[in-house]
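Each remark here refers to the structure printed beneath this line.
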Amino acid sequence: MTDNRYLMAIDQGTTSSRTIVFDRYANVVASAQQEFPQEYPQPGWVEHDPEAIWDSVTAVTADAIKGAAGAEIDALGITNQRETTLIWDRDSGKCIHHAIVWQDRRTADYCRQLKESGKEAMVAAKTGLRLDPYFSATKVAWILDNVNGARAMAEAGKLAFGTIDCFLLWRLTGSRVHATDASNASRTLLFNIHTQDWDEELLELFDVPASLLPEVRDCAADYGVTDKSAIGAEIPICGIAGDQQAALIGQAGFSAGMTKSTYGTGCFVIANTGANALESANNLLTTVAYRLDGEVTYGLEGSIFVAGSAIQWLRDELKVIESAQATESIASATGIVDHIHVVPAFAGLGAPHWDPDARGAILGLSRDSGIDEIVTATLQAVAYQTRDLVHAMSDDGIDPSIIRVDGGMVANNWFLEFLAGILGLPVELPKNPESTVLGAAWLAGLQCGVYASTDEIAELWASDAVFAPQMPDEQRAVLYAGWQDAVRRVRS
Ligand code: ADP
């Protein structure tokens, strides 16, 4: 092995920006994080000020570089909140509108119209996605149609579109590089995941001029060098991936069948399906997991809109717990709750139901039901929803033998034990819980030669604990049937 070398990665998330410097063995050398404001201009709309994002990224990156004093950083990786959309003026570098965030629903009617005109099958076949406001294309069209003069500027080639990775790259390289990676491109609804190109028919459908689009590169690629004026140092940018794909990489999910589940605000499960762009018959998404040396590895993805945020709801709205951590001791003392089901469909239900109009409910209350049962049932709901996704994957022919987990909720051992029980599968926790940002650093390390192969990276991944399923089959069947009944009742 060579001497120690250092890799830095930026994780530009939905609520905060973070930069971590790792050594080549994946140890954290320095880390900095900063939140930035969320803007809600109308119900259902969510925006970010691009300058607030940029300021937070440069601040945490400068801090991380300072914190790693003396460490010579070989390369930088970027990972990011996906689908969030920006358009900027190529000359001034200024965005013409705030970022429209992935959660924003302002284009719901537009998506409905496209669906009614029978376009969804074509869109799904090319992109692996659905016609939903979640993805970038209708957000791009909205900005072009609602910002004065934008369409004319776009037609004249004066504007650039990018997801957050692409915007940061443009700024970090001093406006020299307009590029993105295949994993981020695969979330736009404009990119054909089979041909690995922007697709003319899709560009026409969403009325997006090709002149706006970035070049699409591999996840480990030469993306230029940071400009000194941006972060005070010149560092080669060598890796980019969307946050959920980066988490799969950070979990070393490099072979077909390997599956990770990330429990943050929401929950995202991705199974590696290798070279097979598996089309789901169960409402899951087909996505680019990563592209290395021009070779695409696909993933099957499902998401739960409300995971950790259900715990925040218990804390901030119901005010029945002091902290998220408290849920663990409450659930341990209460034990598994079999008659109460909390369905946290606060914003509809995601895969495999895709029911935007469903709303939350607490079902099965009796005279002796108390707060502790509701808290425990809320943790259980996140596990049941994971099982919904794993079932859907299984129906699509992907049967994971173990699930690697990460994200804020995995601090809760009771939850992980219940999860393993209800899945009937072992649940594995990594030593390094920073899967997302580590994945981006590993991509950069691959490109700059710190690592020779993904095999070498996989050897660095270490397990911290495995939670084996201990729930009797009969109990699992009864609990899950109760959950399915509860979901049926809240569906619109
Ligand atoms: P994000 O990256 O989406 O902001 P994180 O991965 O930081 O989220 O996870 C934070 C989420 O995890 C919060 O929604 C919080 O409620 C939840 N959480 C944190 N600790 C626990 C715990 N011990 N038990 C259950 N949930 C927890």
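Residue numbering restarts at 1 for every chain of the structure tokens, chains are lettered A, B, ... in their displayed order, and ligands are numbered from 1 as they appear.
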
Tell me, counting only C-alpha atoms, for each residue of region 198-249 of chain A within 12 Å of region 298-315 of chain A, which pair of atoms is nearest and how far apart they are in Å to one decimal, in rows ordered by chain and increasing number, as CSV.
```
residue,atom,partner,partner_atom,distance
A:Gln244,CA,A:Glu301,CA,9.3
A:Gln245,CA,A:Gly299,CA,8.6
A:Leu248,CA,A:Gly299,CA,9.5
A:Ile249,CA,A:Gly299,CA,11.5
```

Please tabulate, as CSV, the residues of region 241-301 of chain A that come within 12 Å of region 146-170 of chain A, each with its closest pair of atoms and the distance in Å to one decimal, counting only C-alpha atoms and ordering rows by chain, then residue number upward.
```
residue,atom,partner,partner_atom,distance
A:Ala241,CA,A:Asp165,CA,8.0
A:Gly242,CA,A:Asp165,CA,7.9
A:Asp243,CA,A:Asp165,CA,10.0
```

ask   = Which of region 4-129 of chain A counts as strand (DSSP E) under DSSP, as a ChimeraX atom specification please?
value = /A:6-12,16-23,28-35,47-48,73-80,85-89,99-100

Written file, previous selection with N, CA and C atoms, as a tab-separated table (two decimals), in the first residue's frame:
```tsv
chain	number	residue	atom	x	y	z
A	6	TYR	N	-5.26	11.64	0.85
A	6	TYR	CA	-6.48	12.26	1.36
A	6	TYR	C	-7.46	12.62	0.25
A	7	LEU	N	-8.73	12.39	0.56
A	7	LEU	CA	-9.80	12.67	-0.39
A	7	LEU	C	-10.84	13.53	0.32
A	8	MET	N	-11.39	14.49	-0.42
A	8	MET	CA	-12.41	15.35	0.18
A	8	MET	C	-13.72	15.15	-0.59
A	9	ALA	N	-14.84	15.22	0.11
A	9	ALA	CA	-16.12	15.16	-0.60
A	9	ALA	C	-17.10	16.18	-0.01
A	10	ILE	N	-17.85	16.78	-0.93
A	10	ILE	CA	-18.91	17.72	-0.57
A	10	ILE	C	-20.23	16.97	-0.69
A	11	ASP	N	-21.07	17.07	0.36
A	11	ASP	CA	-22.43	16.52	0.29
A	11	ASP	C	-23.40	17.69	0.41
A	12	GLN	N	-23.94	18.09	-0.72
A	12	GLN	CA	-24.89	19.21	-0.71
A	12	GLN	C	-26.30	18.62	-0.55
A	16	SER	N	-28.82	20.78	4.59
A	16	SER	CA	-27.50	21.28	4.98
A	16	SER	C	-26.44	20.88	3.96
A	17	SER	N	-25.31	21.57	4.05
A	17	SER	CA	-24.15	21.24	3.21
A	17	SER	C	-23.05	20.75	4.15
A	18	ARG	N	-22.30	19.77	3.64
A	18	ARG	CA	-21.29	19.16	4.50
A	18	ARG	C	-20.07	18.85	3.66
A	19	THR	N	-18.90	19.03	4.23
A	19	THR	CA	-17.68	18.58	3.55
A	19	THR	C	-16.86	17.76	4.54
A	20	ILE	N	-16.37	16.62	4.06
A	20	ILE	CA	-15.54	15.77	4.91
A	20	ILE	C	-14.24	15.44	4.17
A	21	VAL	N	-13.14	15.46	4.92
A	21	VAL	CA	-11.87	14.98	4.39
A	21	VAL	C	-11.61	13.60	5.00
A	22	PHE	N	-11.37	12.62	4.14
A	22	PHE	CA	-11.07	11.25	4.58
A	22	PHE	C	-9.61	10.93	4.26
A	23	ASP	N	-9.03	10.01	5.03
A	23	ASP	CA	-7.77	9.44	4.55
A	23	ASP	C	-8.10	8.25	3.64
A	28	VAL	N	-12.29	9.58	8.98
A	28	VAL	CA	-12.61	11.01	8.86
A	28	VAL	C	-11.47	11.82	9.50
A	29	VAL	N	-10.91	12.73	8.69
A	29	VAL	CA	-9.82	13.57	9.16
A	29	VAL	C	-10.34	14.94	9.58
A	30	ALA	N	-11.30	15.45	8.85
A	30	ALA	CA	-11.90	16.75	9.19
A	30	ALA	C	-13.29	16.80	8.60
A	31	SER	N	-14.16	17.57	9.25
A	31	SER	CA	-15.55	17.60	8.82
A	31	SER	C	-16.18	18.93	9.21
A	32	ALA	N	-17.03	19.46	8.35
A	32	ALA	CA	-17.75	20.69	8.68
A	32	ALA	C	-19.13	20.63	8.04
A	33	GLN	N	-20.13	21.20	8.71
A	33	GLN	CA	-21.51	21.14	8.23
A	33	GLN	C	-22.22	22.44	8.54
A	34	GLN	N	-23.11	22.85	7.64
A	34	GLN	CA	-23.86	24.09	7.86
A	34	GLN	C	-25.26	23.95	7.27
A	35	GLU	N	-26.26	24.36	8.04
A	35	GLU	CA	-27.63	24.35	7.49
A	35	GLU	C	-27.86	25.61	6.67
A	47	GLU	N	-38.30	25.94	-2.28
A	47	GLU	CA	-37.18	26.55	-3.03
A	47	GLU	C	-35.95	26.70	-2.13
A	48	HIS	N	-34.79	26.76	-2.80
A	48	HIS	CA	-33.54	27.12	-2.13
A	48	HIS	C	-32.92	28.30	-2.87
A	73	ILE	N	-4.69	17.17	-0.18
A	73	ILE	CA	-5.90	16.51	-0.69
A	73	ILE	C	-5.73	16.18	-2.16
A	74	ASP	N	-5.84	14.90	-2.50
A	74	ASP	CA	-5.60	14.45	-3.87
A	74	ASP	C	-6.74	14.82	-4.81
A	75	ALA	N	-7.97	14.70	-4.30
A	75	ALA	CA	-9.10	14.88	-5.21
A	75	ALA	C	-10.35	15.19	-4.43
A	76	LEU	N	-11.32	15.76	-5.16
A	76	LEU	CA	-12.60	16.14	-4.57
A	76	LEU	C	-13.73	15.37	-5.25
A	77	GLY	N	-14.68	14.90	-4.45
A	77	GLY	CA	-15.90	14.30	-4.98
A	77	GLY	C	-17.10	15.15	-4.57
A	78	ILE	N	-18.17	15.06	-5.36
A	78	ILE	CA	-19.38	15.83	-5.04
A	78	ILE	C	-20.57	14.87	-5.03
A	79	THR	N	-21.42	14.98	-3.99
A	79	THR	CA	-22.70	14.30	-4.00
A	79	THR	C	-23.75	15.33	-3.60
A	80	ASN	N	-25.01	15.06	-3.93
A	80	ASN	CA	-25.98	16.15	-3.86
A	80	ASN	C	-27.41	15.65	-3.74
A	85	THR	N	-33.51	21.66	-9.24
A	85	THR	CA	-33.24	22.23	-10.57
A	85	THR	C	-32.82	23.70	-10.53
A	86	LEU	N	-31.76	24.01	-11.26
A	86	LEU	CA	-31.30	25.40	-11.38
A	86	LEU	C	-31.07	25.75	-12.85
A	87	ILE	N	-31.32	27.01	-13.17
A	87	ILE	CA	-30.95	27.53	-14.49
A	87	ILE	C	-30.21	28.84	-14.26
A	88	TRP	N	-29.05	28.97	-14.90
A	88	TRP	CA	-28.27	30.19	-14.71
A	88	TRP	C	-27.82	30.77	-16.04
A	89	ASP	N	-27.45	32.05	-15.96
A	89	ASP	CA	-26.96	32.81	-17.11
A	89	ASP	C	-25.49	32.45	-17.31
A	99	ALA	N	-33.57	27.73	-6.81
A	99	ALA	CA	-33.63	26.30	-7.10
A	99	ALA	C	-35.02	25.79	-6.77
A	100	ILE	N	-35.61	25.02	-7.69
A	100	ILE	CA	-36.88	24.35	-7.38
A	100	ILE	C	-36.51	22.96	-6.87
```

inquiry  = For ligand 1, return the neighbouring residues as a count of residues only (distance at most 9 Å; only C-alpha atoms and all ligand atoms).
reply    = 38

key: All residues 6 Å or closer to Pro469 (chain A), only C-alpha atoms, same chain fewer than 4 positions away omitted, as a ChimeraX atom specification   = /A:420-421,424-426

Store the residues picked out above in a file with all heavy atoms, as a compact mmCIF listing (two decimals), in the first residue's frame.
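So out33.txt came out as:
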```
# COMPACT_ATOMS: atom_id res chain seq x y z
N ALA A 420 -35.23 -5.98 10.99
CA ALA A 420 -34.74 -7.31 10.59
C ALA A 420 -35.86 -8.33 10.77
O ALA A 420 -36.08 -9.19 9.91
CB ALA A 420 -33.52 -7.69 11.42
N GLY A 421 -36.59 -8.22 11.87
CA GLY A 421 -37.68 -9.16 12.16
C GLY A 421 -38.77 -9.10 11.11
O GLY A 421 -39.20 -10.12 10.58
N GLY A 424 -37.58 -10.26 7.79
CA GLY A 424 -37.11 -11.64 7.75
C GLY A 424 -35.75 -11.73 7.07
O GLY A 424 -35.40 -12.73 6.46
N LEU A 425 -34.98 -10.66 7.20
CA LEU A 425 -33.66 -10.57 6.56
C LEU A 425 -32.67 -9.94 7.54
O LEU A 425 -33.06 -9.07 8.32
CB LEU A 425 -33.72 -9.64 5.35
CG LEU A 425 -34.36 -10.10 4.06
CD1 LEU A 425 -34.40 -8.94 3.07
CD2 LEU A 425 -33.56 -11.26 3.48
N PRO A 426 -31.40 -10.33 7.47
CA PRO A 426 -30.43 -9.63 8.31
C PRO A 426 -30.22 -8.19 7.85
O PRO A 426 -30.29 -7.89 6.65
CB PRO A 426 -29.13 -10.44 8.12
CG PRO A 426 -29.39 -11.45 7.08
CD PRO A 426 -30.83 -11.43 6.70
```

task = Please provide the set of residues having any atom within 9 Å of Ala465 (chain A), restricted to only C-alpha atoms, with same-chain residues fewer than 5 positions apart removed, written as a PyMOL selection string.
result = chain A and resi 427-431
